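Peer 1: Structure file target_22.txt (compact mmCIF, C-alpha atoms) right here:
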```
# COMPACT_ATOMS: atom_id res chain seq x y z
CA MET F 76 8.40 88.92 51.61
CA ARG F 77 7.18 92.49 52.03
CA GLU F 78 7.27 92.14 55.82
CA HIS F 79 10.84 90.84 55.61
CA ARG F 80 11.93 93.82 53.47
CA LEU F 81 10.25 96.23 55.87
CA SER F 82 12.01 94.62 58.83
CA ALA F 83 15.30 94.88 56.96
CA LEU F 84 14.70 98.57 56.30
CA VAL F 85 13.93 99.19 59.99
CA ARG F 86 17.12 97.39 61.07
CA HIS F 87 19.27 99.25 58.55
CA LEU F 88 17.90 102.65 59.55
CA ASP F 89 18.43 101.87 63.22
CA ALA F 90 22.01 100.77 62.54
CA ALA F 91 22.62 103.82 60.33
CA ALA F 92 22.34 106.35 63.12
CA PRO F 93 25.70 107.18 64.71
CA PRO F 94 25.86 106.22 68.42
CA GLY F 95 25.92 109.84 69.58
CA ARG F 96 23.12 111.08 67.35
CA ASP F 97 20.38 112.99 69.18
CA ARG F 98 17.34 111.22 67.79
CA ALA F 99 14.96 113.50 69.68
CA LEU F 100 16.05 116.46 67.53
CA ASP F 101 15.18 114.49 64.40
CA ALA F 102 11.78 113.70 65.89
CA LEU F 103 11.14 117.36 66.66
CA ARG F 104 12.10 118.34 63.12
CA ALA F 105 9.82 115.65 61.67
CA LEU F 106 6.92 116.78 63.87
CA ALA F 107 7.50 120.38 62.80
CA VAL F 108 7.36 119.50 59.10
CA LEU F 109 4.31 117.26 59.47
CA GLY F 110 2.58 119.93 61.57
CA VAL F 111 2.94 122.49 58.80
CA VAL F 112 1.66 120.01 56.22
CA GLY F 113 -1.34 119.00 58.32
CA GLY F 114 -2.13 122.62 59.10
CA HIS F 115 -2.16 123.65 55.46
CA TRP F 116 -4.29 120.68 54.46
CA LEU F 117 -6.85 121.48 57.13
CA VAL F 118 -7.19 125.24 56.70
CA THR F 119 -6.61 125.74 52.96
CA ALA F 120 -9.62 125.32 50.68
CA LEU F 121 -9.73 125.92 46.93
CA VAL F 122 -13.25 127.02 46.07
CA PRO F 123 -14.49 127.39 42.45
CA ASP F 124 -16.51 130.53 41.86
CA GLY F 125 -17.70 131.37 38.37
CA GLY F 126 -14.76 129.76 36.62
CA THR F 127 -12.21 131.10 39.09
CA LEU F 128 -10.51 129.23 41.91
CA HIS F 129 -9.86 131.18 45.07
CA THR F 130 -8.57 130.23 48.51
CA ALA F 131 -10.74 130.17 51.60
CA SER F 132 -10.12 129.21 55.20
CA PRO F 133 -12.44 127.60 57.73
CA LEU F 134 -10.91 129.95 60.30
CA SER F 135 -12.71 132.87 58.65
CA GLY F 136 -16.21 131.59 59.43
CA MET F 137 -15.37 129.32 62.36
CA PRO F 138 -12.97 131.18 64.66
CA TRP F 139 -13.52 128.50 67.29
CA LEU F 140 -11.17 126.35 65.19
CA ALA F 141 -8.23 128.59 66.16
CA PRO F 142 -6.82 125.94 68.55
CA ILE F 143 -5.99 123.83 65.48
CA SER F 144 -3.39 126.45 64.60
CA TRP F 145 -1.92 126.18 68.10
CA VAL F 146 -1.11 122.53 67.45
CA LEU F 147 -0.15 122.64 63.78
CA GLN F 148 1.73 125.94 63.42
CA THR F 149 5.12 124.48 64.32
CA LEU F 150 7.62 126.66 62.47
CA ALA F 151 9.29 127.86 65.69
CA VAL F 152 10.29 124.28 66.49
CA PHE F 153 11.88 123.92 63.06
CA PHE F 154 13.92 127.10 63.58
CA LEU F 155 14.86 125.93 67.09
CA VAL F 156 16.22 122.63 65.78
CA GLY F 157 17.80 124.41 62.82
CA GLY F 158 19.67 126.78 65.11
CA TYR F 159 20.87 123.88 67.25
CA VAL F 160 22.09 121.81 64.30
CA ALA F 161 23.71 124.77 62.51
CA ALA F 162 25.57 125.91 65.62
CA LYS F 163 26.81 122.39 66.35
CA GLY F 164 27.71 121.80 62.72
CA TYR F 165 29.61 125.05 62.40
CA GLU F 166 31.64 124.34 65.53
CA SER F 167 32.44 120.83 64.24
CA ALA F 168 33.44 122.23 60.85
CA ARG F 169 35.80 124.71 62.48
CA ALA F 170 37.33 121.94 64.57
CA ARG F 171 37.96 119.90 61.41
CA GLY F 172 39.45 122.90 59.64
CA THR F 173 36.54 123.18 57.17
CA GLY F 174 36.08 126.72 55.87
CA TYR F 175 32.88 128.74 56.19
CA ARG F 176 32.12 128.59 52.46
CA ALA F 177 32.41 124.82 52.28
CA TRP F 178 30.27 124.39 55.39
CA LEU F 179 27.61 126.78 54.09
CA ALA F 180 27.56 125.21 50.63
CA ALA F 181 26.94 121.79 52.15
CA ARG F 182 24.16 123.10 54.39
CA LEU F 183 22.37 125.07 51.69
CA GLY F 184 22.80 122.36 49.08
CA ARG F 185 20.62 120.02 51.11
CA LEU F 186 17.98 122.73 51.36
CA PHE F 187 17.84 123.91 47.76
CA ARG F 188 18.46 120.82 45.64
CA PRO F 189 14.75 119.85 45.80
CA VAL F 190 13.66 123.42 44.97
CA ALA F 191 14.81 123.12 41.35
CA ALA F 192 12.22 120.43 40.60
CA VAL F 193 9.39 122.50 42.11
CA LEU F 194 10.37 125.59 40.11
CA ALA F 195 10.76 123.63 36.88
CA LEU F 196 7.39 121.89 37.17
CA TRP F 197 5.47 125.01 38.14
CA THR F 198 7.12 127.07 35.43
CA ALA F 199 5.83 124.53 32.92
CA VAL F 200 2.38 124.35 34.56
CA THR F 201 2.07 128.13 34.66
CA ALA F 202 3.05 128.47 31.01
CA GLY F 203 0.56 125.78 30.06
CA LEU F 204 -2.26 127.42 32.01
CA LEU F 205 -1.59 130.84 30.50
CA LEU F 206 -1.34 129.49 26.97
CA SER F 207 -4.63 127.63 27.41
CA GLY F 208 -6.38 130.86 28.43
CA ALA F 209 -6.85 130.03 32.11
CA ASP F 210 -8.21 132.74 34.34
CA LEU F 211 -5.36 134.92 35.61
CA ALA F 212 -6.76 135.03 39.14
CA THR F 213 -6.82 131.22 39.22
CA VAL F 214 -3.25 130.99 37.94
CA HIS F 215 -2.13 133.47 40.59
CA THR F 216 -3.88 131.48 43.33
CA LEU F 217 -2.32 128.19 42.28
CA VAL F 218 1.20 129.53 41.81
CA LYS F 219 1.08 131.38 45.12
CA LEU F 220 0.05 128.21 46.94
CA ALA F 221 2.64 126.07 45.20
CA LEU F 222 5.53 128.44 45.84
CA SER F 223 4.52 129.70 49.28
CA PRO F 224 6.84 127.21 51.07
CA LEU F 225 9.82 128.92 49.45
CA TRP F 226 9.60 132.02 51.67
CA PHE F 227 10.39 129.81 54.65
CA LEU F 228 13.45 128.35 52.96
CA LEU F 229 14.76 131.80 52.07
CA VAL F 230 14.51 132.98 55.68
CA PHE F 231 15.99 129.75 56.98
CA ALA F 232 18.85 129.97 54.48
CA ALA F 233 19.59 133.58 55.49
CA LEU F 234 19.75 132.66 59.17
CA THR F 235 21.92 129.65 58.36
CA ALA F 236 24.33 131.88 56.46
CA ALA F 237 24.43 134.25 59.45
CA THR F 238 25.14 131.45 61.96
CA PRO F 239 28.74 132.56 62.71
CA LEU F 240 27.40 136.01 63.61
CA VAL F 241 24.26 135.08 65.53
CA ARG F 242 25.13 131.77 67.18
CA ARG F 243 26.00 133.53 70.46
CA LEU F 244 23.36 136.25 70.19
CA ASN F 245 21.10 136.52 73.23
CA PRO F 246 17.53 135.74 72.07
CA LEU F 247 16.29 138.71 74.09
CA TRP F 248 17.75 141.10 71.48
CA PRO F 249 15.64 139.95 68.50
CA LEU F 250 12.68 139.57 70.87
CA ALA F 251 13.10 143.24 71.84
CA VAL F 252 13.13 144.17 68.14
CA VAL F 253 9.83 142.36 67.58
CA LEU F 254 8.32 144.04 70.64
CA HIS F 255 9.30 147.53 69.48
CA VAL F 256 8.23 146.94 65.89
CA ASP F 257 4.76 145.86 67.04
CA LEU F 258 4.59 148.75 69.49
CA VAL F 259 5.28 151.23 66.70
CA ARG F 260 2.93 149.47 64.22
CA PHE F 261 -0.06 148.87 66.47
CA GLY F 262 0.46 151.29 69.34
CA PHE F 263 1.54 154.41 67.46
CA GLY F 264 0.08 153.82 64.00
CA GLY F 265 3.42 153.21 62.32
CA PRO F 266 3.73 152.06 58.71
CA ALA F 267 2.63 148.51 57.92
CA TRP F 268 5.84 147.76 56.01
CA LEU F 269 7.77 148.00 59.29
CA GLY F 270 6.31 144.62 60.22
CA TRP F 271 8.55 142.92 57.66
CA VAL F 272 11.50 143.57 59.97
CA ASN F 273 9.96 140.82 62.09
CA VAL F 274 10.44 138.23 59.35
CA ALA F 275 14.12 138.15 60.32
CA ALA F 276 13.84 139.19 63.96
CA GLY F 277 10.88 136.95 64.76
CA TRP F 278 12.42 133.72 63.48
CA LEU F 279 15.82 134.70 64.84
CA VAL F 280 14.38 134.25 68.35
CA PRO F 281 13.90 130.45 68.16
CA TYR F 282 16.99 130.11 65.96
CA THR F 283 19.22 131.70 68.60
CA LEU F 284 17.44 129.67 71.28
CA GLY F 285 18.53 126.60 69.34
CA ALA F 286 22.13 127.83 69.33
CA ALA F 287 21.92 128.40 73.09
CA TRP F 288 20.54 124.87 73.42
CA ALA F 289 23.56 123.57 71.52
CA ARG F 290 25.83 125.32 74.04
CA GLY F 291 24.03 123.60 76.90
CA GLU F 292 22.43 126.81 78.15
CA LEU F 293 18.82 125.75 77.61
CA THR F 294 18.10 123.50 80.57
CA ARG F 295 14.84 121.78 81.49
CA ASN F 296 14.16 124.57 83.99
CA ALA F 297 14.61 127.09 81.20
CA GLY F 298 12.20 125.00 79.13
CA ARG F 299 9.58 125.24 81.86
CA VAL F 300 10.04 129.02 82.03
CA LEU F 301 9.69 129.32 78.25
CA LEU F 302 6.59 127.13 78.17
CA VAL F 303 4.77 128.89 81.00
CA GLY F 304 5.99 132.40 80.19
CA GLY F 305 5.29 132.06 76.48
CA THR F 306 1.83 130.67 77.10
CA VAL F 307 0.88 133.40 79.58
CA ALA F 308 2.29 136.15 77.33
CA THR F 309 0.45 134.84 74.28
CA ALA F 310 -2.82 134.53 76.15
CA GLY F 311 -2.44 138.09 77.43
CA LEU F 312 -1.70 139.46 73.97
CA VAL F 313 -4.74 137.70 72.49
CA LEU F 314 -7.14 138.56 75.32
CA TRP F 315 -6.12 142.14 76.07
CA ALA F 316 -3.92 143.47 73.25
CA GLY F 317 -6.13 142.60 70.29
CA TYR F 318 -3.92 140.00 68.59
CA PRO F 319 -5.74 137.27 66.63
CA ALA F 320 -6.18 133.92 68.35
CA ALA F 321 -5.21 132.01 65.19
CA MET F 322 -1.45 131.59 64.82
CA VAL F 323 -1.77 131.47 61.02
CA GLY F 324 -3.04 133.98 58.50
CA VAL F 325 -6.81 134.15 58.02
CA PRO F 326 -8.18 135.52 54.72
CA GLY F 327 -9.98 138.79 55.34
CA GLY F 328 -8.35 139.35 58.72
CA THR F 329 -7.02 142.79 59.52
CA VAL F 330 -3.92 141.37 61.23
CA SER F 331 -2.03 138.15 60.51
CA ASN F 332 0.10 136.64 63.24
CA LEU F 333 2.31 134.97 60.69
CA ASP F 334 2.60 137.23 57.65
CA PRO F 335 4.69 138.94 58.97
CA PRO F 336 5.27 137.42 62.43
CA THR F 337 3.84 139.38 65.32
CA LEU F 338 4.85 139.49 68.97
CA ALA F 339 2.07 137.00 69.71
CA ALA F 340 3.48 134.54 67.17
CA VAL F 341 6.93 134.89 68.71
CA THR F 342 5.74 134.40 72.31
CA PHE F 343 3.71 131.43 71.11
CA GLY F 344 6.91 130.11 69.54
CA LEU F 345 8.69 130.53 72.87
CA ALA F 346 6.10 128.28 74.48
CA GLN F 347 6.60 125.70 71.73
CA CYS F 348 10.37 125.84 72.19
CA GLY F 349 9.97 125.31 75.92
CA LEU F 350 7.78 122.27 75.27
CA ALA F 351 10.34 120.93 72.80
CA VAL F 352 13.09 121.21 75.41
CA LEU F 353 10.95 119.30 77.92
CA LEU F 354 10.11 116.59 75.38
CA ARG F 355 13.72 115.92 74.41
CA VAL F 356 14.41 113.27 77.05
CA PRO F 357 11.15 111.27 76.75
CA LEU F 358 11.39 111.42 72.95
CA GLY F 359 14.94 110.12 73.12
CA ARG F 360 13.79 107.15 75.21
CA TRP F 361 10.91 106.38 72.84
CA LEU F 362 13.18 106.53 69.81
CA ARG F 363 15.36 103.73 71.12
CA ARG F 364 12.73 101.51 69.54
CA PRO F 365 13.89 100.67 66.02
CA GLY F 366 10.40 101.01 64.53
CA ALA F 367 9.83 104.47 65.99
CA TRP F 368 13.26 105.64 64.85
CA ALA F 369 12.74 104.24 61.35
CA ALA F 370 9.56 106.31 60.94
CA VAL F 371 11.32 109.48 62.12
CA ALA F 372 14.38 108.81 59.96
CA LEU F 373 12.29 108.27 56.83
CA VAL F 374 10.44 111.57 57.35
CA ASN F 375 13.73 113.39 57.85
CA LEU F 376 15.26 111.84 54.74
CA SER F 377 12.39 113.34 52.72
CA ALA F 378 11.60 116.39 54.85
CA MET F 379 12.16 118.95 52.10
CA THR F 380 10.31 116.88 49.52
CA ILE F 381 7.32 116.58 51.84
CA PHE F 382 7.44 120.28 52.68
CA LEU F 383 7.85 121.53 49.11
CA TRP F 384 5.27 119.28 47.44
CA HIS F 385 2.42 119.08 49.97
CA GLN F 386 0.59 122.08 48.50
CA THR F 387 0.96 120.67 44.99
CA ALA F 388 -0.56 117.40 46.22
CA LEU F 389 -3.55 119.29 47.66
CA MET F 390 -4.07 121.17 44.39
CA ALA F 391 -3.74 118.02 42.28
CA VAL F 392 -6.42 116.23 44.30
CA THR F 393 -8.66 119.31 44.11
CA ALA F 394 -8.21 119.55 40.33
CA LEU F 395 -8.95 115.86 39.79
CA GLY F 396 -12.03 116.21 41.96
CA LEU F 397 -13.39 118.82 39.56
CA LEU F 398 -13.77 116.03 37.00
CA ALA F 399 -16.71 114.77 39.04
CA GLY F 400 -18.72 117.65 37.58
CA THR F 401 -20.15 118.70 40.92
CA PRO F 402 -18.49 120.35 43.95
CA LEU F 403 -17.29 117.72 46.39
CA PRO F 404 -17.92 118.42 50.12
CA GLY F 405 -14.77 119.35 51.99
CA LEU F 406 -12.83 119.78 48.77
CA HIS F 407 -14.57 122.41 46.63
CA THR F 408 -17.29 123.69 48.96
CA VAL F 409 -17.07 126.85 51.07
CA PRO F 410 -15.65 126.03 54.53
CA ASP F 411 -18.53 127.42 56.57
CA GLY F 412 -19.54 124.76 59.06
CA PRO F 413 -18.63 121.63 61.06
CA GLY F 414 -19.79 119.44 58.16
CA TRP F 415 -17.02 120.87 56.02
CA VAL F 416 -14.47 120.12 58.73
CA LEU F 417 -15.54 116.47 58.96
CA ALA F 418 -15.49 116.14 55.18
CA ARG F 419 -12.03 117.74 54.98
CA VAL F 420 -10.66 115.31 57.57
CA ALA F 421 -11.90 112.47 55.35
CA TRP F 422 -9.91 113.95 52.44
CA LEU F 423 -6.60 113.98 54.35
CA PRO F 424 -5.66 110.38 53.38
CA VAL F 425 -6.30 111.28 49.73
CA PHE F 426 -3.99 114.28 50.05
CA GLY F 427 -1.47 111.90 51.60
CA LEU F 428 -1.78 109.62 48.59
CA GLY F 429 -1.20 112.58 46.27
CA LEU F 430 1.88 113.53 48.28
CA ALA F 431 3.13 109.95 48.04
CA VAL F 432 2.92 110.22 44.24
CA CYS F 433 4.92 113.47 44.36
CA TRP F 434 7.43 111.85 46.70
CA THR F 435 7.89 108.91 44.35
CA ALA F 436 8.50 111.24 41.41
CA PHE F 437 10.75 113.83 43.06
CA ARG F 438 12.46 112.33 46.11
CA THR F 439 15.69 111.72 44.20
CA TYR F 440 16.33 115.48 44.11
CA GLU F 441 16.67 115.39 47.89
CA GLN F 442 18.10 111.90 48.37
CA GLY F 443 20.65 112.04 45.59
CA GLY F 444 19.27 109.19 43.54
CA ARG F 445 18.95 106.69 46.39
CA THR F 446 16.00 104.36 46.07
CA ARG F 447 14.14 102.32 48.58
CA ALA F 448 15.25 99.10 46.90
CA ARG F 449 18.89 99.95 47.35
CA VAL F 450 18.25 100.87 50.97
CA VAL F 451 16.57 97.56 51.69
CA ARG F 452 19.10 95.45 49.80
CA ALA F 453 22.28 96.92 51.20
CA GLY F 454 21.52 99.57 53.78
CA GLY F 455 24.52 101.59 52.65
CA ALA F 456 22.52 104.43 51.11
CA ALA F 457 20.36 104.67 54.20
CA THR F 458 23.45 104.71 56.41
CA GLU F 459 25.02 107.55 54.45
CA ALA F 460 21.77 109.50 54.25
CA VAL F 461 20.98 109.24 57.96
CA ARG F 462 24.52 110.16 58.93
CA ARG F 463 24.33 113.34 56.83
CA ALA F 464 20.72 114.32 57.61
```
What does this structure look like when you write it as structure tokens?

Peer 2:
Amino acid sequence: MREHRLSALVRHLDAAAPPGRDRALDALRALAVLGVVGGHWLVTALVPDGGTLHTASPLSGMPWLAPISWVLQTLAVFFLVGGYVAAKGYESARARGTGYRAWLAARLGRLFRPVAAVLALWTAVTAGLLLSGADLATVHTLVKLALSPLWFLLVFAALTAATPLVRRLNPLWPLAVVLHVDLVRFGFGGPAWLGWVNVAAGWLVPYTLGAAWARGELTRNAGRVLLVGGTVATAGLVLWAGYPAAMVGVPGGTVSNLDPPTLAAVTFGLAQCGLAVLLRVPLGRWLRRPGAWAAVALVNLSAMTIFLWHQTALMAVTALGLLAGTPLPGLHTVPDGPGWVLARVAWLPVFGLGLAVCWTAFRTYEQGGRTRARVVRAGGAATEAVRRA
């Protein structure tokens, strides 16, 4: 019976996709979201220390793990796909006579509906912790982790709102801004706050690349140039210009490639965008298989829920683990050796289970009340959801 229902779900999701839908873009978006989740779960540790919980990263004591960040820091791909979809969607809206405000409200509504549940829960949790006399440093650590995904949504929303202005912008312009900001900051001792200009400029680079892709200007040859050029530039910046090898922030590091984005993070993103362009065709062929497409479609239907709640899932598992009365390896211990890495990998399925609980409780905020049962029985909700995703 369960196998029959699963087969029905796969068939309905396959039939739900419009004939002209670019399934490869959905796969790239799903990979980007899952990459961020996996990266956070692997490099974020909550370590108890004298009644206080603080964050630690295995990248601090084991810099040889930096290549993990090269695989799992996938935000540039998300902005690339976002730029593509926004540019296409805006052009379609104009052709239908839909106004800018209506188009923007629809786009942002899908982004921010799930945010309300996160804010409500963590407002209640924070109040409860403070009223119970919890350590302020611990409360700050937990709230910062829980709400850290929101910075990404704010930047993404701002770029989405600016789509009519930036959809034809040459990506070289924001890239030049990032270059000059870093030159002033690191080459001439400029103020550190100047780096925050790169929060907009840095992510505008892949976003405008996505818009160029939507116009048909990002060919496979351009993808090869981006992949090779971005890789060579990033390697040069790390080896000879003093940029960190890790493409994520490392506690205690003097420079973070991500907070705010540096030139190295942007050139690394160019390489990722080039790879994404090259993968589009083979991904499209693979996703003709109903089972492969069903997996991608399900991730996309819950992309914001997964993204917003993955840190909460990690913290919930960590908190429950404290009930054991002794620090659990890979969960509460200091990430200072290969043993911790192996133990943390073993915890990943448990984090996934915690995220599944969060998904069950809060997915309706993203999916508008649709349930899996309704999808399997009729397929109509899945059809509507996939068409709008």

Peer 1: Could you give me, as a ChimeraX atom specification, the residues within 12 Å of F:Thr235, counting all atoms listed in the file and dropping anything in the same chain fewer than 2 positions from it?

Peer 2: /F:154-165,175-176,178-184,186,228-233,237-242,275,278-279,282-283,285-286

Peer 1: Could you turn the residues from that selection into a file that holds C-alpha atoms, as a tab-separated table (two decimals), in the frame of the given file?

Peer 2:
```tsv
chain	number	residue	atom	x	y	z
F	154	PHE	CA	13.92	127.10	63.58
F	155	LEU	CA	14.86	125.93	67.09
F	156	VAL	CA	16.22	122.63	65.78
F	157	GLY	CA	17.80	124.41	62.82
F	158	GLY	CA	19.67	126.78	65.11
F	159	TYR	CA	20.87	123.88	67.25
F	160	VAL	CA	22.09	121.81	64.30
F	161	ALA	CA	23.71	124.77	62.51
F	162	ALA	CA	25.57	125.91	65.62
F	163	LYS	CA	26.81	122.39	66.35
F	164	GLY	CA	27.71	121.80	62.72
F	165	TYR	CA	29.61	125.05	62.40
F	175	TYR	CA	32.88	128.74	56.19
F	176	ARG	CA	32.12	128.59	52.46
F	178	TRP	CA	30.27	124.39	55.39
F	179	LEU	CA	27.61	126.78	54.09
F	180	ALA	CA	27.56	125.21	50.63
F	181	ALA	CA	26.94	121.79	52.15
F	182	ARG	CA	24.16	123.10	54.39
F	183	LEU	CA	22.37	125.07	51.69
F	184	GLY	CA	22.80	122.36	49.08
F	186	LEU	CA	17.98	122.73	51.36
F	228	LEU	CA	13.45	128.35	52.96
F	229	LEU	CA	14.76	131.80	52.07
F	230	VAL	CA	14.51	132.98	55.68
F	231	PHE	CA	15.99	129.75	56.98
F	232	ALA	CA	18.85	129.97	54.48
F	233	ALA	CA	19.59	133.58	55.49
F	237	ALA	CA	24.43	134.25	59.45
F	238	THR	CA	25.14	131.45	61.96
F	239	PRO	CA	28.74	132.56	62.71
F	240	LEU	CA	27.40	136.01	63.61
F	241	VAL	CA	24.26	135.08	65.53
F	242	ARG	CA	25.13	131.77	67.18
F	275	ALA	CA	14.12	138.15	60.32
F	278	TRP	CA	12.42	133.72	63.48
F	279	LEU	CA	15.82	134.70	64.84
F	282	TYR	CA	16.99	130.11	65.96
F	283	THR	CA	19.22	131.70	68.60
F	285	GLY	CA	18.53	126.60	69.34
F	286	ALA	CA	22.13	127.83	69.33
```

Peer 1: From the set F:Leu106, F:Val152, F:Val118, F:Leu350, which residue has the shortest atom-to-atom contact distance to F:Val420, counting all atoms listed in the file?

Peer 2: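 Nearest candidate to F:Val420 out of F:Leu106, F:Val152, F:Val118, F:Leu350: F:Val118.
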
Peer 1: Quick check, in Å to one decimal: how far apart do atom CA of F:Thr337 and atom CA of F:Val307 lie?

Peer 2: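 Distance between the two atoms: 15.7 Å.
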
Peer 1: So which one's closest to F:His215, F:Leu333, F:Ile381, F:Val300, F:Leu128? Using all atoms listed in the file, please.

Peer 2: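 Smallest distance to F:His215 is found for F:Leu128.
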
Peer 1: Return the single residue from F:Pro404, F:Gly414, F:Gly359, F:Gly349 that is closest to F:Pro281, with distances computed using all atoms listed in the file.

Peer 2: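 For F:Pro281, the nearest of the candidates is F:Gly349.
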
Peer 1: Give me the residues near stretch 426-434 of chain F as a list of chain:residue names, where near means some atom within 10 Å (using only C-alpha atoms) and where sequence neighbours in that chain fewer than 3 positions away do not count.

Peer 2: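 Contacts, in chain order: F:Val112, F:Gly113, F:Trp116, F:Ser377, F:Thr380, F:Ile381, F:Phe382, F:Leu383, F:Trp384, F:His385, F:Gln386, F:Thr387, F:Ala388, F:Leu389, F:Met390, F:Ala391, F:Val392, F:Thr393, F:Ala421, F:Trp422, F:Leu423, F:Phe437, F:Arg438, F:Thr439, F:Tyr440, F:Glu441.
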
Peer 1: So, counting only C-alpha atoms, which residue among F:Trp288, F:Phe227, F:Phe187, F:Trp415 is closest to F:Leu150?

Peer 2: F:Phe227

Peer 1: So, counting only C-alpha atoms, which residue among F:Ile143, F:Pro189, F:Thr130, F:Gly311 is closest to F:Val218?

Peer 2: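 The shortest atom-to-atom distance to F:Val218 comes from F:Thr130.
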
Peer 1: How far is it from atom CA of F:Gly262 to atom CA of F:Thr329, in Å with one decimal?

Peer 2: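 One can read the atom CA of F:Gly262 to atom CA of F:Thr329 distance as 15.0 Å.
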
Peer 1: Which is closer to F:Leu121 than all the others in F:Val280, F:Leu417, F:Leu301, F:Ala394, using all atoms listed in the file?

Peer 2: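 Residue with the minimum atom-to-atom distance to F:Leu121: F:Ala394.
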
Peer 1: Find the residues around F:Val256 up to 12 Å (only C-alpha atoms counted), leave out those fewer than 6 positions away in its own chain, and share them as a VMD selection string.

Peer 2: chain F and resid 249 to 250 262 to 277 335 to 338

Peer 1: As an exercise, work out the distance from atom CA of F:Pro138 to atom CA of F:Gly317 in Å and give it to one decimal place.

Peer 2: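 Rounded to one decimal, the two atoms are 14.5 Å apart.
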
Peer 1: Using only C-alpha atoms, which residues sit within 10 Å of F:Arg355 once same-chain residues fewer than 2 positions away are excluded, as number ranges by chain?

Peer 2: F: 97-100, 102-103, 295, 350-353, 357-360

Peer 1: Do a neighbour search on F:Leu211 at 9 Å with only C-alpha atoms, toss out local chain neighbours closer than 6 positions, and write the hits as a PDB file with C-alpha atoms, in the frame of the given file.

Peer 2:
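Written output follows (result22.pdb):
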```pdb
ATOM      1  CA  THR F 127     -12.210 131.100  39.090  1.00  0.00           C
ATOM      2  CA  LEU F 204      -2.260 127.420  32.010  1.00  0.00           C
ATOM      3  CA  LEU F 205      -1.590 130.840  30.500  1.00  0.00           C
TER       4      LEU F 205
END
```

Peer 1: Using only the atoms of stretch 233-251 of chain F listed in the file, plus 3 Å on each side, state the axis-aligned box centre and edge lengths in Å rounded to one decimal, as AutoDock Vina command-line options.

Peer 2:
```
--center_x 20.7 --center_y 136.4 --center_z 64.8 --size_x 22.1 --size_y 19.6 --size_z 24.6
```
